[in-house]
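Asker: Handing over structure-v1.cif, mmCIF, C-alpha atoms.
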data_coords
loop_
_atom_site.group_PDB
_atom_site.id
_atom_site.type_symbol
_atom_site.label_atom_id
_atom_site.label_comp_id
_atom_site.auth_asym_id
_atom_site.auth_seq_id
_atom_site.Cartn_x
_atom_site.Cartn_y
_atom_site.Cartn_z
ATOM 1 C CA MET A 1 75.650 -1.709 22.115
ATOM 2 C CA LYS A 2 74.410 1.862 21.951
ATOM 3 C CA ILE A 3 74.966 3.588 25.280
ATOM 4 C CA ALA A 4 74.312 7.200 26.204
ATOM 5 C CA ALA A 5 75.487 9.573 28.919
ATOM 6 C CA ILE A 6 72.905 11.831 30.542
ATOM 7 C CA ILE A 7 74.001 15.003 32.330
ATOM 8 C CA PRO A 8 71.232 17.030 33.991
ATOM 9 C CA VAL A 9 72.455 20.584 34.621
ATOM 10 C CA LYS A 10 70.821 22.985 37.037
ATOM 11 C CA THR A 11 70.874 26.679 36.108
ATOM 12 C CA PHE A 12 74.280 27.878 37.290
ATOM 13 C CA SER A 13 72.898 30.859 39.213
ATOM 14 C CA LYS A 14 70.688 28.529 41.304
ATOM 15 C CA ALA A 15 73.267 25.810 41.937
ATOM 16 C CA LYS A 16 75.661 25.046 44.797
ATOM 17 C CA THR A 17 73.897 27.110 47.446
ATOM 18 C CA ARG A 18 75.760 25.311 50.254
ATOM 19 C CA LEU A 19 79.147 26.668 49.198
ATOM 20 C CA ASN A 20 80.673 29.709 50.924
ATOM 21 C CA LEU A 21 81.251 31.429 47.601
ATOM 22 C CA SER A 22 79.868 34.487 45.864
ATOM 23 C CA SER A 23 77.327 34.086 43.078
ATOM 24 C CA ASN A 24 79.988 34.762 40.449
ATOM 25 C CA GLN A 25 82.368 32.260 42.037
ATOM 26 C CA LYS A 26 79.689 29.559 42.107
ATOM 27 C CA GLU A 27 78.837 30.140 38.459
ATOM 28 C CA ASP A 28 82.524 29.981 37.524
ATOM 29 C CA LEU A 29 82.839 26.729 39.471
ATOM 30 C CA CYS A 30 79.826 25.244 37.686
ATOM 31 C CA ARG A 31 81.310 26.130 34.307
ATOM 32 C CA ILE A 32 84.669 24.553 35.144
ATOM 33 C CA MET A 33 83.082 21.368 36.513
ATOM 34 C CA LEU A 34 80.601 20.897 33.675
ATOM 35 C CA GLN A 35 83.188 21.409 30.958
ATOM 36 C CA GLU A 36 85.550 18.932 32.612
ATOM 37 C CA VAL A 37 82.831 16.306 33.108
ATOM 38 C CA VAL A 38 81.637 16.526 29.493
ATOM 39 C CA GLU A 39 85.196 16.502 28.155
ATOM 40 C CA THR A 40 86.048 13.420 30.249
ATOM 41 C CA ILE A 41 82.926 11.618 29.055
ATOM 42 C CA SER A 42 83.629 12.500 25.429
ATOM 43 C CA LYS A 43 87.203 11.170 25.727
ATOM 44 C CA SER A 44 85.987 7.780 26.922
ATOM 45 C CA LYS A 45 84.806 6.838 23.385
ATOM 46 C CA ILE A 46 82.141 4.604 24.947
ATOM 47 C CA PHE A 47 79.069 6.691 24.311
ATOM 48 C CA GLU A 48 76.916 6.799 21.231
ATOM 49 C CA LYS A 49 75.349 9.991 22.544
ATOM 50 C CA ILE A 50 75.948 12.540 25.286
ATOM 51 C CA VAL A 51 72.719 14.221 26.349
ATOM 52 C CA VAL A 52 72.813 17.474 28.321
ATOM 53 C CA VAL A 53 69.498 18.569 29.817
ATOM 54 C CA SER A 54 69.321 22.146 31.080
ATOM 55 C CA LYS A 55 67.504 25.445 31.073
ATOM 56 C CA ASP A 56 70.786 27.319 31.326
ATOM 57 C CA GLU A 57 71.776 28.763 27.951
ATOM 58 C CA THR A 58 75.373 29.199 29.128
ATOM 59 C CA ALA A 59 75.610 25.507 30.011
ATOM 60 C CA LEU A 60 74.173 24.444 26.662
ATOM 61 C CA LYS A 61 76.499 26.779 24.768
ATOM 62 C CA LEU A 62 79.486 25.554 26.771
ATOM 63 C CA THR A 63 78.863 21.897 25.943
ATOM 64 C CA LYS A 64 77.873 22.370 22.307
ATOM 65 C CA ARG A 65 81.434 22.037 21.029
ATOM 66 C CA PHE A 66 81.558 18.461 22.325
ATOM 67 C CA GLY A 67 78.775 17.427 19.946
ATOM 68 C CA VAL A 68 76.235 16.797 22.689
ATOM 69 C CA GLN A 69 72.502 16.378 22.189
ATOM 70 C CA GLU A 70 70.933 19.365 23.910
ATOM 71 C CA ILE A 71 67.528 19.123 25.552
ATOM 72 C CA PHE A 72 66.069 22.373 26.847
ATOM 73 C CA ASP A 73 64.386 21.834 30.203
ATOM 74 C CA ASN A 74 61.908 24.682 30.312
ATOM 75 C CA ASP A 75 60.323 23.537 33.603
ATOM 76 C CA GLU A 76 63.558 22.832 35.510
ATOM 77 C CA SER A 77 61.481 21.046 38.118
ATOM 78 C CA GLY A 78 64.286 18.773 39.297
ATOM 79 C CA VAL A 79 66.836 16.135 38.335
ATOM 80 C CA ASN A 80 64.281 13.355 37.944
ATOM 81 C CA HIS A 81 62.256 15.390 35.462
ATOM 82 C CA ALA A 82 65.404 16.295 33.523
ATOM 83 C CA VAL A 83 66.447 12.633 33.321
ATOM 84 C CA SER A 84 62.956 11.635 32.171
ATOM 85 C CA LEU A 85 63.269 14.062 29.239
ATOM 86 C CA ALA A 86 66.533 12.392 28.250
ATOM 87 C CA ASP A 87 65.006 8.926 28.726
ATOM 88 C CA ASN A 88 62.184 9.761 26.313
ATOM 89 C CA TYR A 89 64.664 10.980 23.725
ATOM 90 C CA LEU A 90 66.918 7.912 24.081
ATOM 91 C CA GLU A 91 64.026 5.442 23.876
ATOM 92 C CA ASN A 92 63.011 7.034 20.592
ATOM 93 C CA ASN A 93 66.563 6.825 19.273
ATOM 94 C CA GLY A 94 67.372 3.200 19.973
ATOM 95 C CA CYS A 95 69.858 3.475 22.846
ATOM 96 C CA ALA A 96 70.205 0.265 24.841
ATOM 97 C CA ALA A 97 71.596 1.748 28.045
ATOM 98 C CA SER A 98 72.357 5.033 29.745
ATOM 99 C CA ILE A 99 74.526 6.364 32.544
ATOM 100 C CA VAL A 100 73.420 9.441 34.463
ATOM 101 C CA PHE A 101 76.281 11.649 35.688
ATOM 102 C CA PRO A 102 76.011 14.848 37.753
ATOM 103 C CA GLN A 103 77.847 17.967 36.655
ATOM 104 C CA ASP A 104 79.902 18.189 39.869
ATOM 105 C CA ILE A 105 82.351 15.259 39.620
ATOM 106 C CA PRO A 106 85.273 16.975 37.828
ATOM 107 C CA PHE A 107 87.930 14.530 39.065
ATOM 108 C CA MET A 108 86.406 11.566 37.237
ATOM 109 C CA GLN A 109 88.705 10.031 34.620
ATOM 110 C CA SER A 110 87.682 8.266 31.411
ATOM 111 C CA GLU A 111 89.133 4.994 32.725
ATOM 112 C CA ASP A 112 86.734 5.214 35.658
ATOM 113 C CA ILE A 113 83.856 5.119 33.193
ATOM 114 C CA GLU A 114 85.427 2.178 31.386
ATOM 115 C CA ASN A 115 85.799 0.351 34.708
ATOM 116 C CA LEU A 116 82.135 0.979 35.508
ATOM 117 C CA ILE A 117 81.021 -0.447 32.163
ATOM 118 C CA ARG A 118 82.947 -3.662 32.910
ATOM 119 C CA PHE A 119 80.515 -4.405 35.739
ATOM 120 C CA GLN A 120 77.620 -4.484 33.270
ATOM 121 C CA LYS A 121 77.132 -8.232 32.656
ATOM 122 C CA SER A 122 73.526 -8.547 31.545
ATOM 123 C CA PRO A 123 71.043 -6.952 29.107
ATOM 124 C CA LYS A 124 69.011 -6.046 32.200
ATOM 125 C CA SER A 125 71.242 -4.230 34.688
ATOM 126 C CA VAL A 126 71.448 -1.454 37.259
ATOM 127 C CA LEU A 127 74.786 -0.128 38.524
ATOM 128 C CA VAL A 128 74.964 2.547 41.226
ATOM 129 C CA VAL A 129 78.044 4.577 42.173
ATOM 130 C CA PRO A 130 77.311 6.498 45.392
ATOM 131 C CA SER A 131 78.731 9.820 46.506
ATOM 132 C CA ARG A 132 81.658 9.905 48.914
ATOM 133 C CA ARG A 133 79.340 10.405 51.897
ATOM 134 C CA PHE A 134 76.917 7.742 50.643
ATOM 135 C CA ASP A 135 74.081 10.259 50.506
ATOM 136 C CA GLY A 136 73.585 10.482 46.758
ATOM 137 C CA THR A 137 74.129 8.822 43.367
ATOM 138 C CA ASN A 138 77.140 9.950 41.327
ATOM 139 C CA ALA A 139 76.643 7.506 38.447
ATOM 140 C CA LEU A 140 73.612 5.411 37.567
ATOM 141 C CA LEU A 141 73.691 2.855 34.768
ATOM 142 C CA ARG A 142 70.325 1.528 33.604
ATOM 143 C CA MET A 143 69.897 -1.090 30.909
ATOM 144 C CA PRO A 144 67.513 -0.841 29.191
ATOM 145 C CA VAL A 145 67.114 2.914 29.448
ATOM 146 C CA ASN A 146 63.461 2.613 30.509
ATOM 147 C CA LEU A 147 64.117 -0.029 33.190
ATOM 148 C CA MET A 148 63.414 2.345 36.093
ATOM 149 C CA GLU A 149 62.678 5.934 36.941
ATOM 150 C CA THR A 150 65.281 7.869 38.917
ATOM 151 C CA HIS A 151 64.953 8.970 42.540
ATOM 152 C CA TYR A 152 67.411 11.785 43.041
ATOM 153 C CA ASP A 153 67.143 14.023 46.115
ATOM 154 C CA GLU A 154 65.534 11.150 48.066
ATOM 155 C CA ASP A 155 68.491 9.314 49.688
ATOM 156 C CA SER A 156 68.928 8.301 46.109
ATOM 157 C CA TYR A 157 71.657 5.676 46.099
ATOM 158 C CA LYS A 158 69.752 3.444 48.532
ATOM 159 C CA ILE A 159 66.481 3.841 46.640
ATOM 160 C CA HIS A 160 68.152 3.220 43.286
ATOM 161 C CA LEU A 161 69.648 0.018 44.685
ATOM 162 C CA GLU A 162 66.368 -1.145 46.197
ATOM 163 C CA VAL A 163 64.344 -0.428 43.058
ATOM 164 C CA GLY A 164 67.030 -1.972 40.868
ATOM 165 C CA LYS A 165 67.089 -5.171 42.930
ATOM 166 C CA SER A 166 63.300 -5.417 42.655
ATOM 167 C CA LEU A 167 63.636 -5.381 38.859
ATOM 168 C CA THR A 168 66.778 -7.402 38.182
ATOM 169 C CA SER A 169 69.250 -9.532 40.104
ATOM 170 C CA ASN A 170 71.994 -7.819 38.084
ATOM 171 C CA THR A 171 71.978 -4.774 40.370
ATOM 172 C CA SER A 172 75.237 -3.729 42.016
ATOM 173 C CA LEU A 173 76.778 -1.016 44.150
ATOM 174 C CA VAL A 174 80.059 -0.020 42.504
ATOM 175 C CA LEU A 175 82.689 1.948 44.421
ATOM 176 C CA LEU A 176 84.858 4.019 42.085
ATOM 177 C CA ARG A 177 86.703 6.609 44.122
ATOM 178 C CA ARG A 178 87.041 9.456 41.646
ATOM 179 C CA ILE A 179 83.417 9.218 40.525
ATOM 180 C CA MET A 180 82.433 9.350 44.205
ATOM 181 C CA LEU A 181 84.178 12.716 44.655
ATOM 182 C CA ASP A 182 81.597 15.451 44.167
ATOM 183 C CA ILE A 183 81.438 19.091 45.232
ATOM 184 C CA ASP A 184 78.206 19.795 47.053
ATOM 185 C CA ASN A 185 79.266 21.802 50.101
ATOM 186 C CA GLN A 186 82.303 23.621 51.468
ATOM 187 C CA GLU A 187 83.762 20.529 53.119
ATOM 188 C CA ASP A 188 83.572 18.685 49.791
ATOM 189 C CA LEU A 189 85.357 21.536 48.055
ATOM 190 C CA GLU A 190 88.188 21.618 50.585
ATOM 191 C CA PHE A 191 88.527 17.823 50.576
ATOM 192 C CA LEU A 192 88.676 17.571 46.791
ATOM 193 C CA LEU A 193 91.255 20.313 46.498
ATOM 194 C CA SER A 194 93.392 18.478 49.062
ATOM 195 C CA GLN A 195 93.303 15.345 46.884
ATOM 196 C CA ASN A 196 94.639 17.147 43.794
ATOM 197 C CA GLU A 197 93.546 14.297 41.481
ATOM 198 C CA LYS A 198 93.702 16.573 38.450
ATOM 199 C CA PRO A 199 96.272 19.319 39.140
ATOM 200 C CA THR A 200 95.108 21.580 36.311
ATOM 201 C CA ILE A 201 91.461 21.422 37.376
ATOM 202 C CA SER A 202 92.395 21.723 41.046
ATOM 203 C CA SER A 203 94.342 24.877 40.197
ATOM 204 C CA LYS A 204 91.427 26.387 38.272
ATOM 205 C CA ILE A 205 88.994 25.645 41.069
ATOM 206 C CA GLY A 206 91.434 26.834 43.733
ATOM 207 C CA LYS A 207 91.850 30.196 42.014
ATOM 208 C CA ILE A 208 88.139 30.970 42.176
ATOM 209 C CA SER A 209 87.533 29.655 45.683
#
Represent the structure from my file as structure tokens, please.
Answerer:
Amino acid sequence: MKIAAIIPVKTFSKAKTRLNLSSNQKEDLCRIMLQEVVETISKSKIFEKIVVVSKDETALKLTKRFGVQEIFDNDESGVNHAVSLADNYLENNGCAASIVFPQDIPFMQSEDIENLIRFQKSPKSVLVVPSRRFDGTNALLRMPVNLMETHYDEDSYKIHLEVGKSLTSNTSLVLLRRIMLDIDNQEDLEFLLSQNEKPTISSKIGKIS
């Protein structure tokens, strides 16, 4: 089965506005998180393709060494638009399924991805991993890739579940702790550093924050 990872990446200078960090610190944080997420995904050996969608030339350059498929998002009109660009590409290249990951879940491990895939039991499936506060979607598996549009920034995990259930009975909420750990605001940052799931990454993030 051909499966792809989709990573929509907001321009670093416009990202993470709810963190009490300087512009340079936020950009450094985005670089660290994105590199770790892409490296973790590439180590999983599950994906036929890794698609990074961004307008940020730094982000695209950073991920190029992992052999990703780059899609330049000239409009940068939001996550849903970025995912739709990847969906169009994957439909035209014969991928059966995709998983959307955000760039801000650096404590995810490759075995977490493998555990998520084990929940996929049908050729028509939706799997949703929520954020720690259950206010977003930190992983979204769709099979086939064109099964449903995404609804990020709209209480997304609930909407993804509702839409998924309207399309297939093989729709599930999956709780995978490390995938649920994202960095969106200052409280998230402090909580994740206290967990120290990946000491090397925690140290890098701690030094800039």
Asker: Extract, using all atoms listed in the file, all DNA, RNA and protein residues at most 8 Å from region 153-162 of chain A, discarding same-chain residues fewer than 3 positions from it, and format them as a PyMOL selection string.
Answerer: chain A and resi 126+128-130+134-137+150+165-166+171-173
Asker: Take the residues that were just selected and, keeping C-alpha atoms, output them as a compact mmCIF listing (two decimals), in the coordinates of the input.
Answerer:
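This went into again-v5.txt:
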# COMPACT_ATOMS: atom_id res chain seq x y z
CA VAL A 126 71.45 -1.45 37.26
CA VAL A 128 74.96 2.55 41.23
CA VAL A 129 78.04 4.58 42.17
CA PRO A 130 77.31 6.50 45.39
CA PHE A 134 76.92 7.74 50.64
CA ASP A 135 74.08 10.26 50.51
CA GLY A 136 73.58 10.48 46.76
CA THR A 137 74.13 8.82 43.37
CA THR A 150 65.28 7.87 38.92
CA LYS A 165 67.09 -5.17 42.93
CA SER A 166 63.30 -5.42 42.66
CA THR A 171 71.98 -4.77 40.37
CA SER A 172 75.24 -3.73 42.02
CA LEU A 173 76.78 -1.02 44.15
Asker: Using all atoms listed in the file, which residue out of A:Ile41, A:Ala59, A:Met1, A:Ile71 lies closest to Ser13 (chain A)?
Answerer: A:Ala59
Asker: Would you please work out which residue, of A:Lys61, A:Ser122, A:Ser110, A:Leu189, is nearest to Phe47 (chain A) when using all atoms listed in the file?
Answerer: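 Among the listed residues, A:Ser110 lies closest to Phe47 (chain A).
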Asker: Within 7 Å of (76.2, 26.7, 38.8) (file coordinates; all atoms listed in the file), which protein or nucleic acid residues are there? I'd like them as a list in words.
Answerer: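 Output of the proximity query reads Lys10, Thr11, Phe12, Ser13, Lys14, Ala15, Lys16, Lys26, Glu27, Leu29, Cys30 and Arg31 of chain A.
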Asker: Any idea what's packed within 10 Å of region 72-76 of chain A, counting all atoms listed in the file, ignoring anything in its chain fewer than 6 positions away? Could you give it as a PDB file with C-alpha atoms, in the frame of the given file?
Answerer:
ATOM      1  CA  PRO A   8      71.232  17.030  33.991  1.00  0.00           C
ATOM      2  CA  VAL A   9      72.455  20.584  34.621  1.00  0.00           C
ATOM      3  CA  LYS A  10      70.821  22.985  37.037  1.00  0.00           C
ATOM      4  CA  THR A  11      70.874  26.679  36.108  1.00  0.00           C
ATOM      5  CA  VAL A  52      72.813  17.474  28.321  1.00  0.00           C
ATOM      6  CA  VAL A  53      69.498  18.569  29.817  1.00  0.00           C
ATOM      7  CA  SER A  54      69.321  22.146  31.080  1.00  0.00           C
ATOM      8  CA  LYS A  55      67.504  25.445  31.073  1.00  0.00           C
ATOM      9  CA  ASP A  56      70.786  27.319  31.326  1.00  0.00           C
ATOM     10  CA  GLU A  57      71.776  28.763  27.951  1.00  0.00           C
ATOM     11  CA  LEU A  60      74.173  24.444  26.662  1.00  0.00           C
ATOM     12  CA  ALA A  82      65.404  16.295  33.523  1.00  0.00           C
ATOM     13  CA  VAL A  83      66.447  12.633  33.321  1.00  0.00           C
ATOM     14  CA  LEU A  85      63.269  14.062  29.239  1.00  0.00           C
ATOM     15  CA  ALA A  86      66.533  12.392  28.250  1.00  0.00           C
TER      16      ALA A  86
END
Asker: What does the distance from CA of Glu197 (chain A) to CA of Arg142 (chain A) come to in Å, to one decimal?
Answerer: 27.6 Å
Asker: What is the distance between CA of Gln109 (chain A) and CA of Arg18 (chain A), in Å to one decimal?
Answerer: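 Result for CA of Gln109 (chain A) versus CA of Arg18 (chain A): 25.4 Å, one decimal.
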Asker: To one decimal place, how far is CA of Leu116 (chain A) from CA of Phe101 (chain A) in Å?
Answerer: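 Between CA of Leu116 (chain A) and CA of Phe101 (chain A) the gap is 12.2 Å.
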Asker: I'd like to know which of A:Leu19, A:Ala97, A:Ala5, A:Met108 is closest to Glu36 (chain A), using only C-alpha atoms.
Answerer: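 For Glu36 (chain A), the nearest of the candidates is A:Met108.
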Asker: Please write as a list in words the full residue list that the PyMOL selection byres ((chain A and resi 205-207) around 8) yields on this file.
Answerer: Leu29, Ile32, Leu193, Ile201, Ser202, Ser203, Lys204, Ile208 and Ser209 of chain A
Asker: Report, as AutoDock Vina command-line options, the centre and edge lengths in Å (one decimal) of the axis-aligned box enclosing every listed atom of region 151-157 of chain A, padded by 6 Å on each side.
Answerer:
--center_x 68.3 --center_y 9.8 --center_z 46.1 --size_x 18.7 --size_y 20.3 --size_z 19.1
Asker: Which one of A:Ser77, A:Asn115, A:Asn92, A:Asn170 sits closest to Leu127 (chain A) if you count only C-alpha atoms?
Answerer: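 Of all the options, A:Asn170 lies closest to Leu127 (chain A).
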Asker: Could you state which residues are captured by the PyMOL selection byres ((chain A and resi 94) around 10) in this file, as a count of residues only?
Answerer: 12
Asker: Taking the file as shown, what set of residues would the PyMOL selection byres ((chain A and resi 68) around 7) give back, as a PDB file with C-alpha atoms, keeping the file's coordinate frame?
Answerer:
ATOM      1  CA  LYS A  49      75.349   9.991  22.544  1.00  0.00           C
ATOM      2  CA  ILE A  50      75.948  12.540  25.286  1.00  0.00           C
ATOM      3  CA  VAL A  51      72.719  14.221  26.349  1.00  0.00           C
ATOM      4  CA  VAL A  52      72.813  17.474  28.321  1.00  0.00           C
ATOM      5  CA  THR A  63      78.863  21.897  25.943  1.00  0.00           C
ATOM      6  CA  LYS A  64      77.873  22.370  22.307  1.00  0.00           C
ATOM      7  CA  PHE A  66      81.558  18.461  22.325  1.00  0.00           C
ATOM      8  CA  GLY A  67      78.775  17.427  19.946  1.00  0.00           C
ATOM      9  CA  GLN A  69      72.502  16.378  22.189  1.00  0.00           C
ATOM     10  CA  GLU A  70      70.933  19.365  23.910  1.00  0.00           C
TER      11      GLU A  70
END
Asker: Which one is closest to Gln186 (chain A): A:Ala139, A:Thr17, A:Glu111, A:Pro144? Count all atoms listed in the file.
Answerer: A:Thr17
Asker: May I ask which of the residues A:Glu114, A:Asp188, A:Asp87, A:Glu149 is the closest one to Ile7 (chain A), counting only C-alpha atoms?
Answerer: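 Of all the options, A:Asp87 lies closest to Ile7 (chain A).
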